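Novice: Enclosed is the structure file work-v1.txt (compact mmCIF, C-alpha atoms and all ligand atoms).
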```
# COMPACT_ATOMS: atom_id res chain seq x y z
CA MET A 117 20.20 15.99 6.12
CA LEU A 118 17.65 13.58 7.54
CA ARG A 119 15.08 14.36 10.16
CA MET A 120 12.02 12.67 11.62
CA MET A 121 8.63 13.72 10.31
CA GLU A 122 5.06 12.79 11.09
CA PRO A 123 3.84 10.01 8.80
CA VAL A 124 1.09 11.46 6.65
CA ALA A 125 -1.06 8.35 6.98
CA THR A 126 -1.70 9.08 10.63
CA GLN A 127 -3.48 12.34 9.86
CA VAL A 128 -7.19 12.04 10.51
CA PRO A 129 -9.37 13.69 7.89
CA GLU A 130 -11.76 16.34 9.13
CA GLU A 131 -14.82 14.14 8.73
CA HIS A 132 -13.37 11.49 11.06
CA ARG A 133 -11.99 13.72 13.80
CA GLU A 134 -15.42 13.27 15.37
CA ALA A 135 -14.58 9.57 15.68
CA GLU A 136 -12.12 10.43 18.43
CA LYS A 137 -15.09 11.16 20.68
CA THR A 138 -15.92 8.60 23.34
CA GLY A 139 -19.26 7.10 24.28
CA PRO A 140 -22.21 6.30 22.04
CA GLU A 141 -21.32 9.01 19.53
CA ARG A 142 -18.16 7.14 18.64
CA GLY A 143 -20.04 4.04 17.47
CA THR A 144 -22.18 6.19 15.25
CA GLN A 145 -19.10 7.66 13.59
CA THR A 146 -17.62 4.22 12.97
CA PHE A 147 -20.80 3.10 11.24
CA SER A 148 -20.90 6.26 9.15
CA ALA A 149 -17.28 5.69 8.08
CA MET A 150 -18.10 2.06 7.19
CA SER A 151 -21.10 3.15 5.22
CA LYS A 152 -19.14 5.88 3.41
CA TYR A 153 -16.56 3.36 2.18
CA GLY A 154 -19.04 0.46 1.78
CA HIS A 155 -17.56 -1.97 4.32
CA GLU A 156 -19.12 -5.29 5.21
CA SER A 157 -17.68 -5.58 8.71
CA VAL A 158 -15.03 -4.34 11.11
CA LEU A 159 -13.66 -6.36 14.02
CA PHE A 160 -12.03 -4.60 16.98
CA CYS A 161 -9.60 -6.94 18.76
CA SER A 162 -8.43 -6.36 22.31
CA ASP A 163 -6.30 -8.78 24.34
CA LYS A 164 -5.35 -7.50 27.77
CA LYS A 165 -2.69 -10.15 28.42
CA THR A 166 -0.57 -9.36 25.36
CA GLY A 167 -1.61 -5.70 24.96
CA LEU A 168 -3.04 -6.40 21.50
CA ARG A 169 -5.16 -3.60 20.07
CA ALA A 170 -6.03 -4.41 16.48
CA ILE A 171 -8.68 -3.67 13.88
CA ILE A 172 -9.60 -6.06 11.09
CA ALA A 173 -11.58 -4.34 8.32
CA ILE A 174 -13.42 -6.45 5.75
CA HIS A 175 -14.44 -4.25 2.86
CA SER A 176 -15.79 -6.81 0.42
CA THR A 177 -16.05 -10.55 -0.04
CA VAL A 178 -17.88 -10.26 -3.38
CA LEU A 179 -14.99 -11.78 -5.37
CA GLY A 180 -13.68 -14.10 -2.66
CA PRO A 181 -12.21 -14.09 0.86
CA ALA A 182 -10.96 -10.67 1.97
CA LEU A 183 -7.17 -10.73 1.76
CA GLY A 184 -4.91 -7.94 2.90
CA GLY A 185 -1.79 -7.38 4.94
CA LEU A 186 -1.35 -6.63 8.63
CA ARG A 187 0.14 -3.22 9.33
CA MET A 188 1.78 -2.40 12.67
CA TRP A 189 2.23 1.30 13.31
CA SER A 190 2.37 3.84 16.16
CA TYR A 191 -0.86 5.55 15.21
CA GLN A 192 -1.49 8.94 16.78
CA SER A 193 -5.03 7.93 17.66
CA GLU A 194 -7.50 5.06 17.42
CA ALA A 195 -9.41 7.08 14.84
CA ALA A 196 -6.30 7.27 12.66
CA ALA A 197 -5.85 3.49 12.91
CA LEU A 198 -9.48 2.89 11.96
CA GLU A 199 -9.26 5.28 9.03
CA ASP A 200 -6.12 3.50 7.79
CA ALA A 201 -7.74 0.05 8.10
CA LEU A 202 -10.87 1.21 6.27
CA ARG A 203 -9.07 2.93 3.38
CA LEU A 204 -6.47 0.19 2.98
CA SER A 205 -9.05 -2.60 2.93
CA ARG A 206 -11.14 -0.80 0.32
CA GLY A 207 -8.00 -0.46 -1.80
CA MET A 208 -7.48 -4.24 -1.54
CA THR A 209 -10.94 -4.86 -3.04
CA TYR A 210 -10.07 -2.70 -6.06
CA LYS A 211 -6.58 -4.20 -6.32
CA ALA A 212 -7.82 -7.78 -6.53
CA ALA A 213 -10.62 -6.77 -8.91
CA VAL A 214 -8.31 -5.04 -11.42
CA ALA A 215 -5.64 -7.76 -11.14
CA GLY A 216 -8.30 -10.37 -12.04
CA LEU A 217 -7.91 -12.31 -8.77
CA ASP A 218 -10.78 -14.09 -7.03
CA LEU A 219 -10.21 -12.27 -3.77
CA GLY A 220 -12.06 -9.70 -1.72
CA GLY A 221 -10.58 -6.75 0.14
CA GLY A 222 -9.52 -6.70 3.77
CA LYS A 223 -6.77 -5.23 5.91
CA ALA A 224 -5.72 -5.29 9.54
CA VAL A 225 -3.81 -2.88 11.72
CA ILE A 226 -2.13 -3.37 15.09
CA ILE A 227 -1.70 -0.20 17.10
CA GLY A 228 1.88 -0.32 18.37
CA ASP A 229 5.51 0.42 17.63
CA PRO A 230 6.93 -2.30 15.38
CA GLU A 231 10.42 -1.63 16.76
CA GLN A 232 9.41 -1.92 20.43
CA ASP A 233 6.11 -3.68 20.96
CA LYS A 234 6.37 -6.95 19.03
CA THR A 235 6.06 -10.21 20.96
CA PRO A 236 5.20 -13.73 19.82
CA GLY A 237 2.14 -13.59 22.11
CA LEU A 238 0.87 -10.42 20.43
CA PHE A 239 0.87 -12.05 16.99
CA ARG A 240 -0.59 -15.29 18.32
CA ALA A 241 -3.43 -13.32 19.93
CA PHE A 242 -4.01 -11.59 16.59
CA GLY A 243 -3.97 -15.00 14.88
CA ARG A 244 -6.78 -16.20 17.16
CA TYR A 245 -8.96 -13.31 16.00
CA VAL A 246 -8.19 -14.14 12.35
CA GLU A 247 -9.14 -17.76 13.06
CA MET A 248 -12.42 -16.57 14.62
CA LEU A 249 -13.38 -15.12 11.22
CA GLY A 250 -13.25 -18.61 9.72
CA GLY A 251 -11.49 -17.66 6.46
CA ARG A 252 -13.53 -14.55 5.60
CA TYR A 253 -10.28 -12.62 6.18
CA ILE A 254 -6.80 -13.86 5.22
CA THR A 255 -3.83 -11.94 6.55
CA ALA A 256 -0.31 -11.25 5.23
CA GLU A 257 2.58 -8.91 6.00
CA ASP A 258 2.58 -5.15 5.41
CA VAL A 259 4.36 -2.10 6.80
CA GLY A 260 5.86 -2.96 10.17
CA THR A 261 5.37 -6.74 9.91
CA GLN A 262 7.54 -9.48 8.46
CA VAL A 263 7.61 -13.14 7.48
CA GLY A 264 8.69 -14.11 11.04
CA ASP A 265 5.58 -12.43 12.49
CA MET A 266 3.41 -14.44 10.08
CA ALA A 267 4.91 -17.63 11.55
CA TYR A 268 3.48 -16.77 15.01
CA ILE A 269 0.09 -16.00 13.47
CA HIS A 270 0.29 -19.33 11.63
CA GLN A 271 0.48 -21.14 14.99
CA GLU A 272 -3.14 -20.07 15.58
CA THR A 273 -4.69 -20.04 12.12
CA SER A 274 -4.22 -21.34 8.60
CA HIS A 275 -5.70 -18.10 7.19
CA VAL A 276 -2.33 -16.44 6.76
CA THR A 277 -0.19 -16.03 3.65
CA GLY A 278 3.36 -14.93 3.03
CA ILE A 279 4.73 -17.47 5.51
CA SER A 280 8.26 -18.67 4.88
CA GLU A 281 9.15 -21.01 2.04
CA ALA A 282 10.50 -23.44 4.67
CA GLU A 283 6.97 -23.68 6.14
CA GLY A 284 5.43 -24.20 2.72
CA GLY A 285 4.56 -20.57 2.03
CA SER A 286 5.63 -18.12 -0.65
CA GLY A 287 7.80 -15.97 1.64
CA ASP A 288 8.11 -12.21 1.53
CA PRO A 289 5.88 -10.80 -1.25
CA SER A 290 7.85 -7.54 -1.45
CA PRO A 291 10.31 -8.53 -4.23
CA ILE A 292 7.38 -9.45 -6.50
CA THR A 293 5.63 -6.21 -5.61
CA ALA A 294 8.80 -4.39 -6.67
CA LEU A 295 8.90 -6.36 -9.93
CA GLY A 296 5.35 -5.25 -10.74
CA VAL A 297 6.17 -1.63 -9.89
CA LEU A 298 9.19 -1.78 -12.21
CA SER A 299 6.97 -3.06 -15.01
CA GLY A 300 4.49 -0.20 -14.39
CA ILE A 301 7.26 2.42 -14.30
CA LYS A 302 8.51 1.20 -17.70
CA THR A 303 5.03 1.59 -19.19
CA CYS A 304 4.79 5.14 -17.81
CA LEU A 305 8.21 6.01 -19.27
CA ASP A 306 7.10 4.59 -22.62
CA VAL A 307 3.95 6.74 -22.57
CA VAL A 308 5.74 9.94 -21.52
CA TYR A 309 9.13 9.59 -23.27
CA GLY A 310 8.32 7.11 -26.06
CA SER A 311 10.66 4.45 -24.62
CA PRO A 312 10.61 2.22 -21.51
CA ASP A 313 14.40 2.48 -21.25
CA LEU A 314 15.53 3.27 -17.70
CA ASN A 315 19.16 3.87 -18.53
CA ASP A 316 20.17 7.22 -17.00
CA LYS A 317 16.58 8.00 -16.03
CA ARG A 318 16.33 9.72 -12.63
CA VAL A 319 14.08 7.87 -10.19
CA ALA A 320 13.40 8.98 -6.60
CA ILE A 321 12.13 6.47 -4.02
CA GLN A 322 10.46 7.56 -0.79
CA GLY A 323 10.83 4.72 1.74
CA VAL A 324 13.43 2.05 1.15
CA GLY A 325 11.95 -0.70 3.28
CA LYS A 326 11.05 -4.14 1.94
CA VAL A 327 9.56 -2.97 -1.38
CA GLY A 328 11.52 0.27 -1.84
CA ALA A 329 14.90 -1.45 -1.38
CA ALA A 330 13.96 -4.28 -3.77
CA LEU A 331 12.79 -1.70 -6.32
CA ALA A 332 16.05 0.24 -5.92
CA GLU A 333 18.00 -2.91 -6.75
CA LEU A 334 15.93 -3.59 -9.88
CA LEU A 335 16.16 0.03 -11.06
CA HIS A 336 19.90 0.07 -10.46
CA GLY A 337 20.18 -3.07 -12.57
CA GLU A 338 18.43 -1.21 -15.42
CA GLY A 339 20.87 1.72 -15.23
CA ALA A 340 18.65 4.27 -13.47
CA GLN A 341 20.08 7.06 -11.31
CA LEU A 342 18.59 6.73 -7.85
CA PHE A 343 17.54 9.29 -5.24
CA VAL A 344 16.36 7.82 -1.96
CA CYS A 345 14.97 8.89 1.38
CA ASP A 346 13.79 7.08 4.49
CA ILE A 347 13.05 8.19 8.05
CA ASP A 348 15.50 5.43 9.02
CA PRO A 349 18.94 6.85 8.09
CA GLU A 350 20.51 3.38 8.08
CA ARG A 351 18.17 2.21 5.32
CA THR A 352 18.98 5.29 3.24
CA GLN A 353 22.72 4.75 3.74
CA ALA A 354 22.42 1.10 2.70
CA MET A 355 21.07 2.26 -0.71
CA VAL A 356 23.88 4.81 -1.06
CA ASP A 357 26.45 2.10 -0.36
CA ALA A 358 24.88 -0.64 -2.50
CA PHE A 359 23.65 1.30 -5.54
CA GLY A 360 25.41 4.67 -5.48
CA ALA A 361 22.06 6.33 -4.73
CA THR A 362 21.90 10.00 -3.74
CA ALA A 363 20.41 10.47 -0.25
CA VAL A 364 17.78 13.19 -0.04
CA SER A 365 16.01 14.70 2.94
CA ASP A 366 12.98 12.78 4.15
CA ASP A 367 11.13 16.06 4.44
CA ALA A 368 8.10 15.46 2.20
CA THR A 369 8.40 18.93 0.66
CA CYS A 370 12.01 18.34 -0.44
CA PHE A 371 11.26 14.88 -1.77
CA PHE A 372 8.23 15.84 -3.83
CA GLU A 373 10.06 18.87 -5.30
CA LEU A 374 12.82 16.73 -6.80
CA ASP A 375 13.55 17.33 -10.47
CA VAL A 376 13.49 13.68 -11.59
CA ASP A 377 11.75 11.58 -14.25
CA VAL A 378 9.86 9.33 -11.82
CA LEU A 379 8.80 9.73 -8.19
CA ALA A 380 8.12 6.36 -6.55
CA PRO A 381 6.35 6.70 -3.18
CA CYS A 382 7.08 3.45 -1.32
CA ALA A 383 6.39 4.46 2.31
CA LEU A 384 2.99 5.44 3.70
CA GLY A 385 -0.19 6.88 2.22
CA GLY A 386 -1.62 10.38 1.84
CA VAL A 387 1.55 11.77 0.28
CA LEU A 388 -0.14 13.28 -2.79
CA ASN A 389 -2.04 16.17 -1.28
CA ASP A 390 -2.65 19.94 -1.39
CA GLN A 391 0.85 20.63 -0.08
CA THR A 392 2.87 18.34 -2.37
CA ILE A 393 1.00 18.38 -5.72
CA PRO A 394 1.63 22.07 -6.56
CA LYS A 395 5.37 21.51 -5.98
CA LEU A 396 5.78 18.40 -8.15
CA ARG A 397 8.30 18.59 -10.98
CA ALA A 398 8.43 14.91 -11.98
CA PRO A 399 6.19 14.00 -14.95
CA ILE A 400 5.48 10.49 -13.54
CA ILE A 401 4.31 9.23 -10.13
CA ALA A 402 4.59 5.45 -9.93
CA GLY A 403 5.30 3.72 -6.63
CA ALA A 404 4.22 0.91 -4.31
CA ALA A 405 2.69 2.79 -1.39
CA ASN A 406 -1.00 2.20 -0.81
CA ASN A 407 -3.45 5.16 -0.69
CA GLN A 408 -1.01 7.68 -2.13
CA LEU A 409 -3.79 10.17 -2.90
CA GLN A 410 -4.98 11.87 0.29
CA ASN A 411 -8.34 12.53 -1.38
CA GLU A 412 -8.84 10.25 -4.37
CA ALA A 413 -11.26 12.38 -6.39
CA ARG A 414 -9.72 15.79 -5.78
CA HIS A 415 -6.04 14.90 -5.88
CA SER A 416 -6.26 12.60 -8.90
CA GLN A 417 -7.87 15.51 -10.77
CA ALA A 418 -5.19 17.91 -9.53
CA LEU A 419 -2.45 15.62 -10.90
CA ALA A 420 -4.22 15.26 -14.26
CA LYS A 421 -4.66 19.03 -14.50
CA ARG A 422 -0.92 19.46 -14.01
CA GLY A 423 -0.28 16.91 -16.79
CA ILE A 424 1.41 14.48 -14.39
CA LEU A 425 0.97 10.79 -15.19
CA TYR A 426 -0.13 8.91 -12.06
CA ALA A 427 -0.01 5.10 -12.06
CA PRO A 428 -2.88 4.21 -9.68
CA ASP A 429 -1.30 2.63 -6.59
CA TYR A 430 -3.53 -0.41 -6.36
CA VAL A 431 -2.88 -1.26 -10.01
CA ILE A 432 0.90 -0.94 -9.99
CA ASN A 433 1.48 -2.52 -6.55
CA ALA A 434 -0.56 -5.73 -7.09
CA GLY A 435 2.53 -7.98 -7.40
CA GLY A 436 2.55 -8.95 -3.72
CA LEU A 437 -1.13 -9.86 -3.81
CA ILE A 438 -0.55 -11.89 -6.97
CA ASN A 439 2.22 -13.73 -5.13
CA VAL A 440 0.17 -14.62 -2.05
CA TYR A 441 -2.74 -15.60 -4.29
CA SER A 442 -0.45 -18.13 -5.96
CA GLU A 443 0.34 -19.46 -2.47
CA ILE A 444 -3.39 -19.97 -1.78
CA GLU A 445 -4.10 -21.43 -5.22
CA LYS A 446 -0.91 -23.53 -5.10
CA THR A 447 0.09 -22.40 -8.59
CA PRO A 448 3.77 -22.30 -9.65
CA HIS A 449 5.92 -19.35 -8.64
CA SER A 450 6.74 -18.80 -12.31
CA LEU A 451 3.08 -17.94 -12.97
CA ALA A 452 3.15 -15.27 -10.22
CA LEU A 453 6.29 -13.78 -11.77
CA LYS A 454 4.67 -13.75 -15.21
CA ARG A 455 1.55 -12.03 -13.85
CA ALA A 456 3.61 -9.45 -11.94
CA ARG A 457 5.61 -8.65 -15.08
CA ALA A 458 2.31 -8.13 -16.91
CA ILE A 459 1.28 -5.33 -14.50
CA GLY A 460 2.80 -2.86 -16.96
CA GLU A 461 0.16 -3.96 -19.49
CA THR A 462 -2.64 -3.33 -16.98
CA VAL A 463 -1.17 0.12 -16.28
CA ARG A 464 -1.14 0.74 -20.05
CA ARG A 465 -4.79 -0.32 -20.34
CA VAL A 466 -5.72 2.12 -17.56
CA ILE A 467 -3.83 4.96 -19.28
CA GLU A 468 -5.47 4.16 -22.62
CA ILE A 469 -8.95 4.22 -21.06
CA ALA A 470 -8.13 7.53 -19.39
CA GLN A 471 -6.90 9.04 -22.67
CA ALA A 472 -9.84 7.72 -24.68
CA GLU A 473 -12.47 8.88 -22.19
CA GLY A 474 -10.80 12.12 -21.15
CA ILE A 475 -10.74 11.05 -17.48
CA CYS A 476 -7.91 10.73 -14.98
CA THR A 477 -6.08 7.44 -14.49
CA TYR A 478 -7.52 6.88 -11.02
CA GLU A 479 -11.05 7.08 -12.42
CA ALA A 480 -10.12 4.74 -15.28
CA ALA A 481 -8.80 2.14 -12.81
CA GLN A 482 -11.92 2.56 -10.72
CA ARG A 483 -14.07 1.79 -13.76
CA LEU A 484 -12.20 -1.46 -14.38
CA ALA A 485 -12.65 -2.48 -10.73
CA ASP A 486 -16.32 -1.48 -10.60
CA GLU A 487 -17.10 -3.36 -13.82
CA ARG A 488 -15.64 -6.59 -12.44
CA LEU A 489 -17.38 -6.20 -9.08
CA ALA A 490 -20.72 -5.41 -10.76
CA ALA A 491 -20.40 -8.50 -12.98
CA ALA A 492 -19.67 -10.68 -9.93
CA ARG A 493 -22.66 -9.25 -8.01
CA ALA A 494 -24.93 -9.86 -11.01
P1 LIG B 501 8.28 -1.39 5.06
O1 LIG B 501 7.80 -1.12 6.44
O2 LIG B 501 9.22 -2.52 4.85
O3 LIG B 501 8.95 -0.09 4.45
C1 LIG B 501 8.42 1.19 4.59
C2 LIG B 501 9.61 2.13 4.69
O4 LIG B 501 9.14 3.48 4.64
C3 LIG B 501 10.38 1.98 5.99
O5 LIG B 501 11.76 1.85 5.70
C4 LIG B 501 10.08 3.27 6.75
O6 LIG B 501 11.13 3.69 7.58
C5 LIG B 501 9.86 4.24 5.59
N1 LIG B 501 9.07 5.41 5.89
C6 LIG B 501 7.95 5.51 6.66
N2 LIG B 501 7.50 6.79 6.65
C7 LIG B 501 8.34 7.49 5.85
C8 LIG B 501 8.40 8.85 5.43
N3 LIG B 501 7.52 9.74 5.83
N4 LIG B 501 9.42 9.22 4.61
C9 LIG B 501 10.35 8.33 4.19
N5 LIG B 501 10.34 7.03 4.56
C10 LIG B 501 9.35 6.62 5.38
O7 LIG B 501 6.96 -1.57 4.16
P2 LIG B 501 6.85 -2.22 2.70
O8 LIG B 501 6.33 -3.58 2.84
O9 LIG B 501 8.09 -1.93 1.94
O10 LIG B 501 5.63 -1.36 2.10
C11 LIG B 501 5.82 -0.05 1.60
C12 LIG B 501 4.51 0.47 1.01
O11 LIG B 501 4.11 -0.38 -0.08
C13 LIG B 501 3.34 0.47 1.99
O12 LIG B 501 2.47 1.54 1.69
C14 LIG B 501 2.64 -0.86 1.68
O13 LIG B 501 1.29 -0.85 2.08
C15 LIG B 501 2.81 -0.90 0.19
N6 LIG B 501 2.73 -2.25 -0.35
C16 LIG B 501 3.59 -3.21 0.08
C17 LIG B 501 3.52 -4.49 -0.48
C18 LIG B 501 4.48 -5.58 -0.08
O14 LIG B 501 4.55 -6.59 -0.79
N7 LIG B 501 5.23 -5.44 0.99
C19 LIG B 501 2.56 -4.78 -1.45
C20 LIG B 501 1.71 -3.76 -1.89
C21 LIG B 501 1.80 -2.49 -1.32
```
Kindly return the structure encoded in the file as structure tokens.
Specialist:
Amino acid sequence: MLRMMEPVATQVPEEHREAEKTGPERGTQTFSAMSKYGHESVLFCSDKKTGLRAIIAIHSTVLGPALGGLRMWSYQSEAAALEDALRLSRGMTYKAAVAGLDLGGGKAVIIGDPEQDKTPGLFRAFGRYVEMLGGRYITAEDVGTQVGDMAYIHQETSHVTGISEAEGGSGDPSPITALGVLSGIKTCLDVVYGSPDLNDKRVAIQGVGKVGAALAELLHGEGAQLFVCDIDPERTQAMVDAFGATAVSDDATCFFELDVDVLAPCALGGVLNDQTIPKLRAPIIAGAANNQLQNEARHSQALAKRGILYAPDYVINAGGLINVYSEIEKTPHSLALKRARAIGETVRRVIEIAQAEGICTYEAAQRLADERLAAARA
């Protein structure tokens, strides 16, 4: 039984509810949020003619230009959109750092319904803002945007990746993201069960969009039993028809209570929280969604305390970034595939650090990222 639910990512944490205020106070809250996360700059984009309302957050350019996808979503408030842009862009800094890429962290959001509000003019207006940044920020697709949208942005700026192969780009990065997630899941299985074999393992995927559906196909090919949910019933049904998956309710409580070997969150962020963690029965959480932990410090500890192996999101989902990096660097596609398949080894390194130091996997990944950033600053 499927029903609509509020996306968790649109919840505004207590400390940023103040940011919904208007007037001078609001600016103060934006600066305090930037300072809390360590952002370099945030650009608010407004274009009356096309109705564009977008935020481009540049977290860090220490390792290179800030690259990160463009998300289009019906945010409940401007504060929720800002919070999403800030947290997602910070995650991109860590993702590039751990993946060994010479890229900084950025992310953009457009406030709007991706099913209703898309126009070529909207994306072209966004592209002009990206161009204004002169290459400090490079955009790509994310939730709610697709390769076709990148083509409109490309009409205004060259600082866009993930454009179609026909236009000389590397196309949709999602299949490579899924390949990296598969590699990470296998490592987690190996650590927990002593074998990476997926045959007859039970894997549940929340969100079968671009990455989730590609992951379902790969897992099916390896003999896994699939459980899927999506707020779009047609997407869920497509997985049932194609891979014999079992459809489960998209109610977060039901999904996170599933008695499976692996839970793979592949929708929005904030899904590992005070409500879901106590109910978890799966020994492994390994999925593509960004910002899965609602509160990184507290919820990563809560998972570790429960003995649940968490593959840090920005480590396991780096395949798409690796792919667009190869587009920028003009390296062969085969190298991107090789690097994405090696994500399992990075996940293993993170787990080994965590075990050796007696810390949780999120903290171990953070150490790897911080070490690389500190070396680059020095
Ligand atoms: P997408 O928009 O194609 O798919 C997201 C899917 O999640 C959609 O089908 C949507 O209906 C569903 N969904 C949204 N809220 C849900 C909920 N509460 N319960 C169940 N389903 C829900 O996006 P995508 O590109 O597949 O990205 C998925 C996640 O992976 C995002 O968090 C994204 O930031 C992350 N990610 C994507 C890539 C990539 O290459 N596309 C790379 C790295 C990380």
Novice: Could you list, as an mmCIF file with C-alpha atoms, keeping the file's coordinate frame, every residue within 6 Å of region 392-407 of chain A, counting only C-alpha atoms and ignoring same-chain residues fewer than 3 positions away?
Specialist:
```cif
data_model
loop_
_atom_site.group_PDB
_atom_site.id
_atom_site.type_symbol
_atom_site.label_atom_id
_atom_site.label_comp_id
_atom_site.auth_asym_id
_atom_site.auth_seq_id
_atom_site.Cartn_x
_atom_site.Cartn_y
_atom_site.Cartn_z
ATOM 1 C CA ILE A 301 7.260 2.420 -14.300
ATOM 2 C CA PHE A 372 8.230 15.840 -3.830
ATOM 3 C CA GLU A 373 10.060 18.870 -5.300
ATOM 4 C CA ASP A 375 13.550 17.330 -10.470
ATOM 5 C CA VAL A 376 13.490 13.680 -11.590
ATOM 6 C CA ASP A 377 11.750 11.580 -14.250
ATOM 7 C CA VAL A 378 9.860 9.330 -11.820
ATOM 8 C CA LEU A 379 8.800 9.730 -8.190
ATOM 9 C CA ALA A 380 8.120 6.360 -6.550
ATOM 10 C CA PRO A 381 6.350 6.700 -3.180
ATOM 11 C CA CYS A 382 7.080 3.450 -1.320
ATOM 12 C CA ALA A 383 6.390 4.460 2.310
ATOM 13 C CA LEU A 384 2.990 5.440 3.700
ATOM 14 C CA GLY A 385 -0.190 6.880 2.220
ATOM 15 C CA LEU A 388 -0.140 13.280 -2.790
ATOM 16 C CA ASN A 389 -2.040 16.170 -1.280
ATOM 17 C CA ILE A 424 1.410 14.480 -14.390
ATOM 18 C CA LEU A 425 0.970 10.790 -15.190
ATOM 19 C CA TYR A 426 -0.130 8.910 -12.060
ATOM 20 C CA ALA A 427 -0.010 5.100 -12.060
ATOM 21 C CA ASP A 429 -1.300 2.630 -6.590
ATOM 22 C CA ASN A 433 1.480 -2.520 -6.550
#
```
Novice: Write out as AutoDock Vina command-line options an axis-aligned box for ligand LIG 501 (chain B): all of its atoms listed in the file, 8 Å added on each side, centre and edge lengths in Å with one decimal.
Specialist:
```
--center_x 6.5 --center_y 1.6 --center_z 2.8 --size_x 26.5 --size_y 32.3 --size_z 25.5
```
Novice: Restricting the calculation to all atoms listed in the file: of A:Val319, A:Ile469, A:Leu374, A:Ile292, which residue gets closest to ligand LIG 501 (chain B)?
Specialist: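 Using all atoms listed in the file, the shortest distance to ligand LIG 501 (chain B) belongs to A:Ile292.
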Novice: Given the point (-17.0, -3.0, -10.1) in the coordinates of this file, which residues lie within 12 Å, counting only C-alpha atoms, and how would they look as an NGL selection string?
Specialist: :A and (176 or 178-179 or 209-214 or 216 or 220 or 479-494)
Novice: May I ask which of the residues A:Gly221, A:Ala197, A:Leu204, A:Gly167 is the closest one to Arg240 (chain A), counting all atoms listed in the file?
Specialist: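 Ranked by minimum distance to Arg240 (chain A), first place goes to A:Gly167.
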Novice: Which residues of region 451-481 of chain A sit at most 12 Å from region 441-447 of chain A, using all atoms listed in the file? Give each one's shortest atom pair and distance in Å (one decimal place), in chain and ascending residue order, as a Markdown table.
Specialist:
```
| residue | atom | partner | partner_atom | distance |
| --- | --- | --- | --- | --- |
| A:Leu451 | CA | A:Thr447 | CA | 6.9 |
| A:Ala452 | CA | A:Ser442 | CA | 6.3 |
| A:Leu453 | CA | A:Ser442 | CA | 9.9 |
| A:Lys454 | CA | A:Ser442 | CA | 11.4 |
| A:Arg455 | CA | A:Ser442 | CA | 10.2 |
| A:Ala456 | CA | A:Ser442 | CA | 11.3 |
```
Novice: Using only C-alpha atoms, find the one residue out of A:Leu186, A:Ala413, A:Val364, A:Ala195 that sits nearest to Thr146 (chain A).
Specialist: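 When distances to Thr146 (chain A) are compared using only C-alpha atoms, the smallest one comes from A:Ala195.
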Novice: With distances taken over all atoms listed in the file, which residue among A:Ala170, A:Gln471, A:Glu257, A:Val308 lies nearest Ser286 (chain A)?
Specialist: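 Answer, going by the shortest atom-to-atom distance: A:Glu257.
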Novice: Work out how far CA of Asp357 (chain A) is from atom O12 of ligand LIG 501 (chain B), in Å to one decimal.
Specialist: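 For atom O12 of ligand LIG 501 (chain B) relative to CA of Asp357 (chain A), the distance reads 24.1 Å.
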Novice: Point out the residue among A:Leu419, A:Cys161, A:Leu335, A:Ala329 with the least atom-to-atom distance to ligand LIG 501 (chain B), counting all atoms listed in the file.
Specialist: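 Comparing A:Leu419, A:Cys161, A:Leu335, A:Ala329 against ligand LIG 501 (chain B), the winner is A:Ala329.
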Novice: Leaving out Tyr268 (chain A) and any residue of its chain fewer than 4 positions from it, which residues lie within 8 Å of it when counting only C-alpha atoms, given as number ranges by chain?
Specialist: A: 236-237, 239-240, 243, 264, 272
Novice: Choose the residue, out of A:Val344, A:Ala361, A:Val259, A:Ala267, that has the smallest atom-to-atom separation from ligand LIG 501 (chain B); count all atoms listed in the file.
Specialist: A:Val259
Novice: To one decimal place, how far is CA of Ser205 (chain A) from atom C14 of ligand LIG 501 (chain B) in Å?
Specialist: 11.9 Å
Novice: Env of region 331-334 of chain A: 10 Å cut, atoms = all atoms listed in the file, seq-sep filter 3 positions within chain, self excluded. Answer as a VMD selection string.
Specialist: chain A and resid 290 to 298 319 to 321 324 to 328 337 to 344 355 358 to 359 361 380 382 403 to 404
Novice: Have a look at CA of Tyr153 (chain A) and CA of His175 (chain A) and let me know their distance in Å, one decimal.
Specialist: 7.9 Å
Novice: Could you pull the residues within 7 Å of Gly300 (chain A), counting all atoms listed in the file, minus those fewer than 2 positions along the same chain, as a short mmCIF file (atom, residue, chain, number, x, y, z; two decimals) with C-alpha atoms, keeping the file's coordinate frame?
Specialist:
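Just written: selection.cif:
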```
data_model
loop_
_atom_site.label_atom_id
_atom_site.label_comp_id
_atom_site.auth_asym_id
_atom_site.auth_seq_id
_atom_site.Cartn_x
_atom_site.Cartn_y
_atom_site.Cartn_z
CA GLY A 296 5.35 -5.25 -10.74
CA VAL A 297 6.17 -1.63 -9.89
CA LEU A 298 9.19 -1.78 -12.21
CA LYS A 302 8.51 1.20 -17.70
CA THR A 303 5.03 1.59 -19.19
CA CYS A 304 4.79 5.14 -17.81
CA ILE A 432 0.90 -0.94 -9.99
CA ILE A 459 1.28 -5.33 -14.50
CA GLY A 460 2.80 -2.86 -16.96
CA VAL A 463 -1.17 0.12 -16.28
#
```
